[in-house]
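Trainee: Structure below; questions to follow.
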Amino acid sequence: MYSNSLTPSVTLVASVKQAAKEQVFDTKAIQKLDSAHYLHPFTDFKDLNQKGARVMVRGQGIYLWDSEGKKILDGMSGLWCVNVGYGRTSISEAVYKQMETLPFYNSFFNTTNVPAVQLAAKLVEISPPQFNHVFFTGSGSEGNDTNLRMVRRYWDLLGYKERHVIISRHNAYHGSTVAGASLGGMSGMHEQGGLPIPGIVHIGQPNYFEAGRGMTEEEFGLKAASWLEEKILEVGAEKVAAFIGEPVQGAGGVIIPPANYWPEIQRICDKYGILLIADEVICGFGRLGKWFGSELMGFKPDLITFAKGVTSGYIPLGGVLVGDRVADVLIEKGGDFNHGFTYSGHPVACAAALENIRIIEQEKLVEKVATETGPYLKRQFATLATHPLVGYADSIGFVAGLNLVRKKADVVHDCVLFDDAQSVGMICRGYMFNNGMIMRAVGDRMIIAPPLCMTVAQIDEMIELIRSCLDQTLMDLQGRGWV
Ligand code: PXG
């Protein structure tokens with residue numbers, strides 16, 4: 001039913017919707033067209049062209065359907081973003097209504113639009129008290145580019161022209177623009193394109209499983225935070241503008257820091273007067289059982305990057321919550337901040353966000369993750385730690401991860417790891433997908449971030465699916481002689 005020819009859009013929408021329901025897609029034809037023309041993000045194009053992409057056609061609640069009619073439990077909320085689940089018609093209606101009324105107008109040249117104003121006020125209402133201003137972007141990466149430029153502008157306005165260095169962490173993910181990828185600590189990204197750009201340096205991540213040998217979690221939390229102070233002294237405090245971190249690292253593999261890590265990071269930033277940026281692109285909007293993850297982790301950032309969950313991914317939107325410390329200087333000192341995007345404050349995206357936040361509030365999804373489904377997921381996910389392949393399993397709110405190991409041990413640091421972590425993760429991910437479960441692999445760590453609307457019964461369904469896929473992975477690895 002797909003062809004290269006141009007189809008009038010109304011017919012196309014109707015036919016795609018109908019086809020999704022009736023499952024009449026010609027998968028091979030779509031894959032062929034995909035290979036011919038579509039370069040996917042973070043993808044080995046040659047490899048994908050040989051395999052053919054999976055074609056997702058429909059979503060409802062926590063489930064997806066592919067073009068072969070296969071039903072899949074989406075344990076990753078799309079890409080950490082579909083917090084309210086798929087198929088929310090009230091969001092599509094809000095988007096449609098806004099498109100009919102004012103599909104676009106920019107926020108440059110002393111102009112504004114109603115949904116952007118309403119959303120800014122709403123975000124101020126639900127965010128911690130130090131936030132009274134919002135800068136909108138189109139994505140999380142653009143949000144972090146904004147942070148970089150804004151913190152440098154802040155110090156410039158105060159007369160500290162030298163104070164331009166931003167400290168981040170290895171294995172952090174802050175986006176894929178030049179600044180985002182530089183702020184991030186992914187070596188594979190730095191290798192391509194001569195990154196990081198000057199003025200960005202990295203310290204170790206608070207990964208207890210990887211680096212906490214011989215220490216309690218508490219001791220390790222202080223140790224990992226001390227790397228920040230060491231770096232500040234190495235660079236020179238008078239040159240450091242800000243520290244940026246994800247409250248819980250997402251793309252790096254759901255790295256949950258010890259409870260004392262963030263308060264200690266805050267203490268160090270305060271000691272040297274350094275701005276603290278929380279990248280909440282994943283942790284925001286209820287993911288950890290609070291509106292923002294920094295609230296749970298016990299620190300008070302000066303800036304918060306957001307994206308993803310702000311619209312549950314229905315329409316792209318991102319931005320920065322700007323705390324009073326920074327906003328007051330930017331506003332009072334005056335002068336243009338020469339930064340912004342065509343789609344900053346896009347009225348349709350803001351309308352989608354307003355309806356998304358209304359749903360989160362009405363269904364008390366943040367509270368549920370905090371007191372009901374989050375604790376239930378924690379208990380159930382912990383039962384997977386008894387599996388012979390699982391060396392370490394932890395979770396917080398609605399993110400969780402487990403490490404696949406060759407041999408378990410009572411002390412997690414004594415577990416014997418697989419030689420080829422990458423392949424083991426991919427094998428496990430393959431069983432997950434073939435059995436209708438999306439669980440991501442980051443090396444040998446298997447991770448989930450399910451939609452916040454997931455019920456207790458659906459958590460049971462997911463955990464049993466994961467367990468049976470772990471069994472199949474174990475049998476496969478035994479067959480290869482890897483365990
Ligand atoms: N910060 C964080 C913490 C993120 O997780 C971004 C910034 C960038 O957002 P945009 O909207 O520009 O993509 C992200 C995005 C993965 C994966 O493999 C994670 C993200 C993006 C792509 C892949 O887990 N997170």
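Chain lettering (A, B, ...) mirrors the order of the structure tokens, residue numbering begins at 1 for each chain separately, and ligand numbering begins at 1 in order of display.
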What residues of the protein or nucleic acid chains come within 9 Å of ligand 1 when you use only C-alpha atoms and all ligand atoms? Reply as an MDAnalysis selection string.

Mentor: chainID A and resid 41:42 76 79:81 138:144 172:177 180:181 184 245:253 278:283 305:308 316:318 440 442

Trainee: Give me, as a ChimeraX atom specification, the residues of region 147-325 of chain A that a backbone DSSP run labels alpha helix (DSSP H).

Mentor: /A:147-157,178-183,187-190,208-211,217-235,261-272,293-297,324-325

Trainee: Neighbouring residues of region 66-72 of chain A were defined as those with any atom within 10 Å, considering only C-alpha atoms; residues of the same chain fewer than 3 positions away were excluded. Please report them as a ChimeraX atom specification.

Mentor: /A:19-28,30,54-59,62-63,75,432-438

Trainee: Show me, as a list in words, the residues that have an atom within 12 Å of Asp419 (chain A) when counting only C-alpha atoms, minus same-chain residues fewer than 6 positions from it.

Mentor: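 Once the nearby chain positions are removed, what remains is Leu404, Val405, Arg406, Lys407, Gly425, Gly443, Asp444, Trp482 and Val483 of chain A.
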
Trainee: Quick one: residues within 12 Å of Glu464 (chain A), only C-alpha atoms counted, chain neighbours fewer than 2 positions away excluded, as a list of chain:residue names?

Mentor: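 Residues near the query, excluding close chain neighbours: A:Leu73, A:Gln380, A:Phe381, A:Thr383, A:Leu384, A:Met432, A:Asn435, A:Gly436, A:Met437, A:Ala457, A:Gln458, A:Ile459, A:Asp460, A:Glu461, A:Met462, A:Ile466, A:Arg467, A:Ser468, A:Cys469, A:Leu470, A:Asp471.
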
Trainee: As a list of chain:residue names, please: the residues near region 236-240 of chain A (cut-off 7 Å, only C-alpha atoms, same-chain neighbours under 2 positions excluded).

Mentor: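 The residues satisfying every condition are A:Glu162, A:Arg163, A:His164, A:Val165, A:Ile166, A:Ile232, A:Leu233, A:Glu234, A:Ala242, A:Tyr272, A:Ile274.
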
Trainee: For CA of Ser168 (chain A) and CA of Ala211 (chain A), quote the distance in Å rounded to one decimal.

Mentor: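 The value is 17.6 Å.
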
Trainee: My list of candidates is A:Ile256, A:Met446, A:Leu228, A:Leu195. Which is closest to Ile268 (chain A) when distances are computed with only C-alpha atoms?

Mentor: A:Leu228

Trainee: With a distance cut-off of 7 Å and only C-alpha atoms, select the neighbouring residues of Leu288 (chain A), excluding the residue or stretch itself and same-chain residues fewer than 6 positions from it, and output the selection as an mmCIF file with N, CA, C and O atoms, in the first residue's frame.

Mentor:
data_model
loop_
_atom_site.group_PDB
_atom_site.id
_atom_site.type_symbol
_atom_site.label_atom_id
_atom_site.label_comp_id
_atom_site.auth_asym_id
_atom_site.auth_seq_id
_atom_site.Cartn_x
_atom_site.Cartn_y
_atom_site.Cartn_z
ATOM 1 N N ILE A 396 14.640 2.981 40.590
ATOM 2 C CA ILE A 396 14.162 4.139 41.352
ATOM 3 C C ILE A 396 13.021 4.734 40.533
ATOM 4 O O ILE A 396 13.159 4.915 39.314
ATOM 5 N N GLY A 397 11.882 4.990 41.177
ATOM 6 C CA GLY A 397 10.735 5.478 40.421
ATOM 7 C C GLY A 397 10.409 4.528 39.291
ATOM 8 O O GLY A 397 10.283 3.320 39.499
ATOM 9 N N PHE A 398 10.347 5.056 38.068
ATOM 10 C CA PHE A 398 10.014 4.216 36.919
ATOM 11 C C PHE A 398 11.200 4.052 35.965
ATOM 12 O O PHE A 398 11.034 4.054 34.744
#

Trainee: When you count only C-alpha atoms, which of these residues is closest to Glu295 (chain A): A:Pro263, A:Pro196, A:Gly319, A:Gly401?

Mentor: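 Distance minimum relative to Glu295 (chain A) lands on A:Pro263.
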
Trainee: Counting only C-alpha atoms, which of A:Val320, A:Val124, A:Ile360, A:Met454 gets nearest to Glu372 (chain A)?

Mentor: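 That would be A:Met454, the residue with the smallest distance to Glu372 (chain A).
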